[in-house]
>>> print(open('input-v2.cif').read())   # mmCIF, C-alpha atoms and all ligand atoms
data_target
loop_
_atom_site.group_PDB
_atom_site.id
_atom_site.type_symbol
_atom_site.label_atom_id
_atom_site.label_comp_id
_atom_site.auth_asym_id
_atom_site.auth_seq_id
_atom_site.Cartn_x
_atom_site.Cartn_y
_atom_site.Cartn_z
ATOM 1 C CA MET A 248 245.807 59.271 -46.822
ATOM 2 C CA PRO A 249 247.663 59.554 -43.470
ATOM 3 C CA ALA A 250 251.302 60.747 -43.622
ATOM 4 C CA ALA A 251 253.894 58.092 -44.510
ATOM 5 C CA LYS A 252 255.981 56.635 -41.694
ATOM 6 C CA PHE A 253 259.392 55.046 -41.566
ATOM 7 C CA VAL A 254 259.478 51.296 -40.866
ATOM 8 C CA LYS A 255 261.586 51.914 -37.757
ATOM 9 C CA GLU A 256 258.828 54.018 -36.208
ATOM 10 C CA SER A 257 256.647 50.953 -35.657
ATOM 11 C CA THR A 258 259.301 48.257 -35.213
ATOM 12 C CA THR A 259 258.393 46.246 -32.134
ATOM 13 C CA ILE A 260 260.590 44.067 -29.945
ATOM 14 C CA MET A 261 258.875 41.681 -27.544
ATOM 15 C CA THR A 262 260.794 39.586 -25.028
ATOM 16 C CA GLU A 263 259.576 36.744 -22.824
ATOM 17 C CA MET A 264 261.119 33.898 -20.815
ATOM 18 C CA VAL A 265 259.893 30.337 -21.471
ATOM 19 C CA MET A 266 258.249 29.133 -18.257
ATOM 20 C CA PRO A 267 257.081 25.573 -17.409
ATOM 21 C CA ASN A 268 253.461 26.418 -18.290
ATOM 22 C CA ASP A 269 254.489 27.367 -21.844
ATOM 23 C CA THR A 270 256.146 24.068 -22.754
ATOM 24 C CA ASN A 271 255.247 20.799 -24.453
ATOM 25 C CA THR A 272 256.065 17.382 -23.005
ATOM 26 C CA LEU A 273 259.676 17.633 -24.258
ATOM 27 C CA GLY A 274 260.253 20.805 -22.250
ATOM 28 C CA ASN A 275 260.270 23.096 -25.285
ATOM 29 C CA LEU A 276 258.061 26.089 -26.008
ATOM 30 C CA TYR A 277 254.703 24.844 -27.304
ATOM 31 C CA GLY A 278 254.227 25.896 -30.942
ATOM 32 C CA GLY A 279 250.780 27.384 -30.321
ATOM 33 C CA ASN A 280 252.203 29.659 -27.623
ATOM 34 C CA LEU A 281 254.883 30.868 -29.998
ATOM 35 C CA MET A 282 252.282 31.564 -32.690
ATOM 36 C CA ARG A 283 250.277 33.597 -30.191
ATOM 37 C CA MET A 284 253.371 35.648 -29.303
ATOM 38 C CA MET A 285 254.102 36.211 -32.994
ATOM 39 C CA ASP A 286 250.549 37.400 -33.615
ATOM 40 C CA VAL A 287 250.723 39.805 -30.647
ATOM 41 C CA ALA A 288 254.121 41.285 -31.604
ATOM 42 C CA ALA A 289 253.016 41.746 -35.218
ATOM 43 C CA ALA A 290 249.677 43.274 -34.182
ATOM 44 C CA ILE A 291 251.465 45.820 -31.991
ATOM 45 C CA ALA A 292 253.708 46.845 -34.912
ATOM 46 C CA ALA A 293 250.644 47.093 -37.186
ATOM 47 C CA GLN A 294 248.787 49.216 -34.617
ATOM 48 C CA LYS A 295 251.787 51.498 -34.188
ATOM 49 C CA HIS A 296 252.052 51.952 -37.943
ATOM 50 C CA SER A 297 248.363 52.585 -38.587
ATOM 51 C CA ASN A 298 247.242 54.049 -35.238
ATOM 52 C CA ARG A 299 244.147 51.936 -35.743
ATOM 53 C CA ILE A 300 242.494 48.785 -34.484
ATOM 54 C CA VAL A 301 243.942 45.953 -36.572
ATOM 55 C CA VAL A 302 242.762 42.425 -37.291
ATOM 56 C CA THR A 303 244.844 39.499 -38.488
ATOM 57 C CA ALA A 304 243.862 38.708 -42.069
ATOM 58 C CA SER A 305 246.401 35.943 -42.671
ATOM 59 C CA VAL A 306 249.506 34.202 -41.405
ATOM 60 C CA ASP A 307 251.866 32.744 -43.986
ATOM 61 C CA ASN A 308 253.496 29.408 -43.311
ATOM 62 C CA VAL A 309 255.343 29.070 -40.017
ATOM 63 C CA SER A 310 258.156 26.514 -39.830
ATOM 64 C CA PHE A 311 259.619 25.611 -36.464
ATOM 65 C CA VAL A 312 263.289 25.184 -37.341
ATOM 66 C CA ASN A 313 264.801 24.936 -33.849
ATOM 67 C CA PRO A 314 263.026 24.223 -30.540
ATOM 68 C CA ILE A 315 263.069 26.877 -27.803
ATOM 69 C CA PRO A 316 263.808 25.177 -24.465
ATOM 70 C CA LEU A 317 262.475 25.962 -20.997
ATOM 71 C CA GLY A 318 264.360 28.885 -19.447
ATOM 72 C CA HIS A 319 265.405 30.412 -22.747
ATOM 73 C CA VAL A 320 264.486 33.992 -23.534
ATOM 74 C CA VAL A 321 262.365 34.466 -26.642
ATOM 75 C CA THR A 322 262.808 37.712 -28.557
ATOM 76 C CA LEU A 323 260.379 38.600 -31.325
ATOM 77 C CA GLU A 324 261.131 41.435 -33.705
ATOM 78 C CA ALA A 325 258.155 42.645 -35.737
ATOM 79 C CA LYS A 326 258.524 45.061 -38.639
ATOM 80 C CA ILE A 327 256.162 46.397 -41.287
ATOM 81 C CA THR A 328 257.569 45.327 -44.653
ATOM 82 C CA ARG A 329 255.026 47.197 -46.785
ATOM 83 C CA ALA A 330 251.704 48.926 -46.351
ATOM 84 C CA PHE A 331 249.141 48.596 -49.132
ATOM 85 C CA ASN A 332 245.688 50.261 -49.037
ATOM 86 C CA THR A 333 244.115 49.056 -45.822
ATOM 87 C CA SER A 334 246.404 46.091 -45.188
ATOM 88 C CA MET A 335 250.028 45.771 -44.201
ATOM 89 C CA GLU A 336 252.478 42.906 -44.244
ATOM 90 C CA VAL A 337 254.516 42.363 -41.082
ATOM 91 C CA ILE A 338 257.559 40.126 -40.709
ATOM 92 C CA VAL A 339 258.188 38.578 -37.309
ATOM 93 C CA GLU A 340 261.618 37.101 -36.642
ATOM 94 C CA VAL A 341 262.062 34.944 -33.560
ATOM 95 C CA TYR A 342 265.266 34.394 -31.581
ATOM 96 C CA SER A 343 266.003 32.027 -28.704
ATOM 97 C CA GLU A 344 268.614 33.138 -26.182
ATOM 98 C CA ASN A 345 270.354 31.178 -23.465
ATOM 99 C CA ILE A 346 271.616 34.060 -21.391
ATOM 100 C CA PRO A 347 273.911 32.124 -18.991
ATOM 101 C CA ALA A 348 275.528 30.315 -21.955
ATOM 102 C CA GLY A 349 275.762 33.500 -24.029
ATOM 103 C CA THR A 350 274.071 31.974 -27.102
ATOM 104 C CA LYS A 351 271.342 33.410 -29.323
ATOM 105 C CA THR A 352 269.905 31.678 -32.398
ATOM 106 C CA LYS A 353 267.163 32.537 -34.860
ATOM 107 C CA THR A 354 264.455 29.889 -34.577
ATOM 108 C CA ASN A 355 261.884 30.998 -37.135
ATOM 109 C CA GLN A 356 260.061 33.782 -38.931
ATOM 110 C CA ALA A 357 256.717 34.415 -40.553
ATOM 111 C CA PHE A 358 254.849 37.020 -42.564
ATOM 112 C CA LEU A 359 251.492 38.126 -41.202
ATOM 113 C CA THR A 360 248.969 40.453 -42.821
ATOM 114 C CA PHE A 361 246.887 42.864 -40.775
ATOM 115 C CA VAL A 362 244.000 45.034 -41.874
ATOM 116 C CA ALA A 363 243.301 48.364 -40.170
ATOM 117 C CA VAL A 364 239.627 48.770 -39.371
ATOM 118 C CA ASP A 365 237.315 51.436 -37.991
ATOM 119 C CA GLN A 366 235.100 50.975 -34.938
ATOM 120 C CA SER A 367 232.593 49.022 -37.050
ATOM 121 C CA GLY A 368 235.244 46.636 -38.380
ATOM 122 C CA ARG A 369 235.359 48.209 -41.847
ATOM 123 C CA PRO A 370 238.784 48.364 -43.525
ATOM 124 C CA ILE A 371 240.274 51.849 -43.508
ATOM 125 C CA GLU A 372 243.137 53.413 -45.460
ATOM 126 C CA ILE A 373 246.585 53.462 -43.880
ATOM 127 C CA ALA A 374 249.867 55.345 -44.297
ATOM 128 C CA GLU A 375 252.682 54.154 -46.550
ATOM 129 C CA ALA A 376 255.671 52.525 -44.843
ATOM 130 C CA ILE A 377 259.075 53.824 -45.926
ATOM 131 C CA PRO A 378 261.958 51.325 -45.839
ATOM 132 C CA GLU A 379 265.431 52.679 -45.064
ATOM 133 C CA THR A 380 267.933 49.846 -44.550
ATOM 134 C CA GLU A 381 269.003 47.416 -47.298
ATOM 135 C CA LYS A 382 267.069 44.606 -45.611
ATOM 136 C CA GLU A 383 263.941 46.757 -45.255
ATOM 137 C CA LYS A 384 264.177 47.723 -48.930
ATOM 138 C CA GLU A 385 264.541 44.102 -50.006
ATOM 139 C CA LEU A 386 261.546 43.052 -47.914
ATOM 140 C CA PHE A 387 259.546 45.942 -49.390
ATOM 141 C CA ASP A 388 260.508 45.030 -52.972
ATOM 142 C CA HIS A 389 259.296 41.423 -52.666
ATOM 143 C CA ALA A 390 256.176 42.167 -50.621
ATOM 144 C CA LEU A 391 253.974 42.564 -53.683
ATOM 145 C CA GLN A 392 254.850 39.067 -54.913
ATOM 146 C CA ARG A 393 254.101 37.584 -51.479
ATOM 147 C CA ARG A 394 250.818 39.537 -51.306
ATOM 148 C CA GLN A 395 249.668 38.224 -54.676
ATOM 149 C CA LEU A 396 250.638 34.663 -53.800
ATOM 150 C CA ARG A 397 248.702 34.718 -50.526
ATOM 151 C CA LEU A 398 245.660 36.344 -52.131
ATOM 152 C CA VAL A 399 245.658 33.706 -54.893
ATOM 153 C CA LEU A 400 245.975 30.919 -52.288
ATOM 154 C CA ALA A 401 243.148 32.487 -50.248
ATOM 155 C CA GLY A 402 240.948 32.562 -53.351
ATOM 156 C CA ARG A 403 240.836 36.374 -53.289
ATOM 157 C CA MET A 404 242.745 36.943 -56.529
ATOM 158 C CA LYS A 405 242.557 35.134 -59.852
ATOM 159 C CA PRO A 406 245.919 33.617 -60.828
ATOM 160 C CA GLN A 407 245.729 35.399 -64.173
ATOM 161 C CA ASP A 408 245.539 38.749 -62.352
ATOM 162 C CA ALA A 409 248.707 38.062 -60.336
ATOM 163 C CA SER A 410 250.984 40.297 -62.410
ATOM 164 C CA GLU A 411 254.028 39.628 -60.230
ATOM 165 C CA LEU A 412 253.649 35.846 -60.451
ATOM 166 C CA LYS A 413 253.525 35.340 -64.184
ATOM 167 C CA THR A 414 256.327 32.797 -64.123
ATOM 168 C CA ILE A 415 254.391 30.608 -61.676
ATOM 169 C CA PHE A 416 250.826 30.928 -62.894
ATOM 170 C CA ASN A 417 250.826 32.353 -66.387
ATOM 171 C CA ALA A 418 253.862 30.799 -68.011
HETATM 172 C C1 LIG N 501 240.317 40.959 -42.931
HETATM 173 C C2 LIG N 501 238.948 41.587 -43.200
HETATM 174 C C3 LIG N 501 238.827 42.902 -42.396
HETATM 175 C C4 LIG N 501 238.872 41.904 -44.699
HETATM 176 O O1 LIG N 501 237.607 42.425 -44.925
HETATM 177 P P1 LIG N 501 236.938 42.492 -46.392
HETATM 178 O O2 LIG N 501 235.570 43.004 -46.225
HETATM 179 O O3 LIG N 501 237.158 41.216 -47.087
HETATM 180 O O4 LIG N 501 237.767 43.665 -47.007
HETATM 181 P P2 LIG N 501 238.422 43.861 -48.422
HETATM 182 O O5 LIG N 501 238.049 42.837 -49.447
HETATM 183 O O6 LIG N 501 238.167 45.294 -48.727
HETATM 184 O O7 LIG N 501 239.974 43.671 -48.092
HETATM 185 C C5 LIG N 501 240.623 44.559 -47.221
HETATM 186 C C6 LIG N 501 242.090 44.255 -47.249
HETATM 187 O O8 LIG N 501 242.303 42.978 -46.661
HETATM 188 C C7 LIG N 501 243.168 42.224 -47.498
HETATM 189 N N1 LIG N 501 242.871 40.811 -47.281
HETATM 190 C C8 LIG N 501 241.668 40.241 -47.238
HETATM 191 N N2 LIG N 501 241.808 38.920 -47.037
HETATM 192 C C9 LIG N 501 243.126 38.671 -46.963
HETATM 193 C C10 LIG N 501 243.912 37.498 -46.780
HETATM 194 N N3 LIG N 501 243.353 36.304 -46.615
HETATM 195 N N4 LIG N 501 245.253 37.620 -46.749
HETATM 196 C C11 LIG N 501 245.842 38.819 -46.903
HETATM 197 N N5 LIG N 501 245.155 39.971 -47.074
HETATM 198 C C12 LIG N 501 243.815 39.892 -47.110
HETATM 199 C C13 LIG N 501 242.814 42.705 -48.900
HETATM 200 O O9 LIG N 501 243.854 42.384 -49.809
HETATM 201 C C14 LIG N 501 242.665 44.178 -48.666
HETATM 202 O O10 LIG N 501 243.949 44.778 -48.615
HETATM 203 P P3 LIG N 501 244.231 46.244 -49.279
HETATM 204 O O11 LIG N 501 243.124 47.167 -48.837
HETATM 205 O O12 LIG N 501 245.541 46.658 -48.702
HETATM 206 O O13 LIG N 501 244.255 46.077 -50.760
HETATM 207 C C15 LIG N 501 237.764 40.641 -42.818
HETATM 208 O O14 LIG N 501 237.843 39.483 -43.634
HETATM 209 C C16 LIG N 501 237.805 40.241 -41.368
HETATM 210 O O15 LIG N 501 237.365 40.990 -40.505
HETATM 211 N N6 LIG N 501 238.306 39.014 -41.095
HETATM 212 C C17 LIG N 501 238.380 38.520 -39.724
HETATM 213 C C18 LIG N 501 239.605 39.054 -39.034
HETATM 214 C C19 LIG N 501 239.784 38.413 -37.695
HETATM 215 O O16 LIG N 501 238.819 38.236 -36.995
HETATM 216 N N7 LIG N 501 241.044 38.063 -37.385
HETATM 217 C C20 LIG N 501 241.363 37.287 -36.227
HETATM 218 C C21 LIG N 501 241.175 37.989 -34.979
HETATM 219 S S1 LIG N 501 242.117 39.456 -34.849
#
>>> encode(input="input-v2.cif", output="structure tokens", more="lines below")
Ligand SMILES: CC(C)(COP(=O)(O)OP(=O)(O)OC[C@H]1O[C@@H](n2cnc3c(N)ncnc32)[C@H](O)[C@@H]1OP(=O)(O)O)[C@@H](O)C(=O)NCCC(=O)NCCS
Amino acid sequence: MPAAKFVKESTTIMTEMVMPNDTNTLGNLYGGNLMRMMDVAAAIAAQKHSNRIVVTASVDNVSFVNPIPLGHVVTLEAKITRAFNTSMEVIVEVYSENIPAGTKTKTNQAFLTFVAVDQSGRPIEIAEAIPETEKEKELFDHALQRRQLRLVLAGRMKPQDASELKTIFNA
């Protein structure tokens, strides 16, 4: 197995300004554009962690809490929460900043799962990710529950095998 890496080693910050072409008819960032940015930021973090080609295996639910208006600066912070065998969970947190007004608000977040693959597209083993901060440790601790939930919902794990979700499925 490749040598473990700290979460901070692959943390990725991506910044972009919302331009007219990116907006919906209300003048806010179009949701599909934001999802694309989230996928790209998370993929970069996953590549940095694994030093491999990565493919998106899943995106957990994305809620758009606050709109991001034209002219605002979008900042996406992508971090590995936990690496498993060939897959890793990445959290992307999105902020909207009005620089002239001096305001910055969190607009949404999502968990994405990437799988590292070889040149033929076959999954390949990756390094462990070591959390350091309290927040990183908390994200790490709950990642197994989220993984089992998404695998059950994707039909890739039987509910009875979801050891971390006994209270939901096996009560
Ligand atoms: C993701 C993919 C590589 C998995 O391949 P597979 O042959 O099913 O491989 P496996 O069953 O060995 O699973 C490999 C890993 O993917 C994870 N995985 C598979 N489907 C998943 C899903 N829906 N959600 C989360 N993780 C998933 C497995 O849990 C496993 O993780 P682990 O090794 O850390 O335990 C394959 O389904 C694929 O290539 N999908 C298309 C990806 C794509 O084109 N994405 C969009 C463009 S980038």
>>> resolve_selection(input="input-v2.cif", expression="the PyMOL selection byres (((chain A and resi 387-399) around 9) and not hetatm)", output="MDAnalysis selection string")
chainID A and resid 305 307 327:331 336 358 360 376:378 382:386 400:406 408:412
>>> axis_aligned_box(input="input-v2.cif", around="ligand LIG 501 (chain N)", padding_each_side="5 Å", output="JSON")
{"center_x": 240.7, "center_y": 41.7, "center_z": -42.8, "size_x": 20.3, "size_y": 20.9, "size_z": 25.9}
>>> residues_around(input="input-v2.cif", residues="segment 318-321 of chain A", least_positions_apart="6", cutoff="12 Å", atoms="all atoms listed in the file", output="ChimeraX atom specification")
/A:260-270,274-276,280-281,284-285,288,340-355
>>> atom_distance(input="input-v2.cif", atom1="atom N2 of ligand LIG 501 (chain N)", atom2="atom CA of Ala304 of chain A")
5.4 Å
>>> closest_residue(input="input-v2.cif", among="A:Gln356, A:Thr303, A:Asn308, A:Thr272", to="ligand LIG 501 (chain N)", atoms="all atoms listed in the file")
A:Thr303
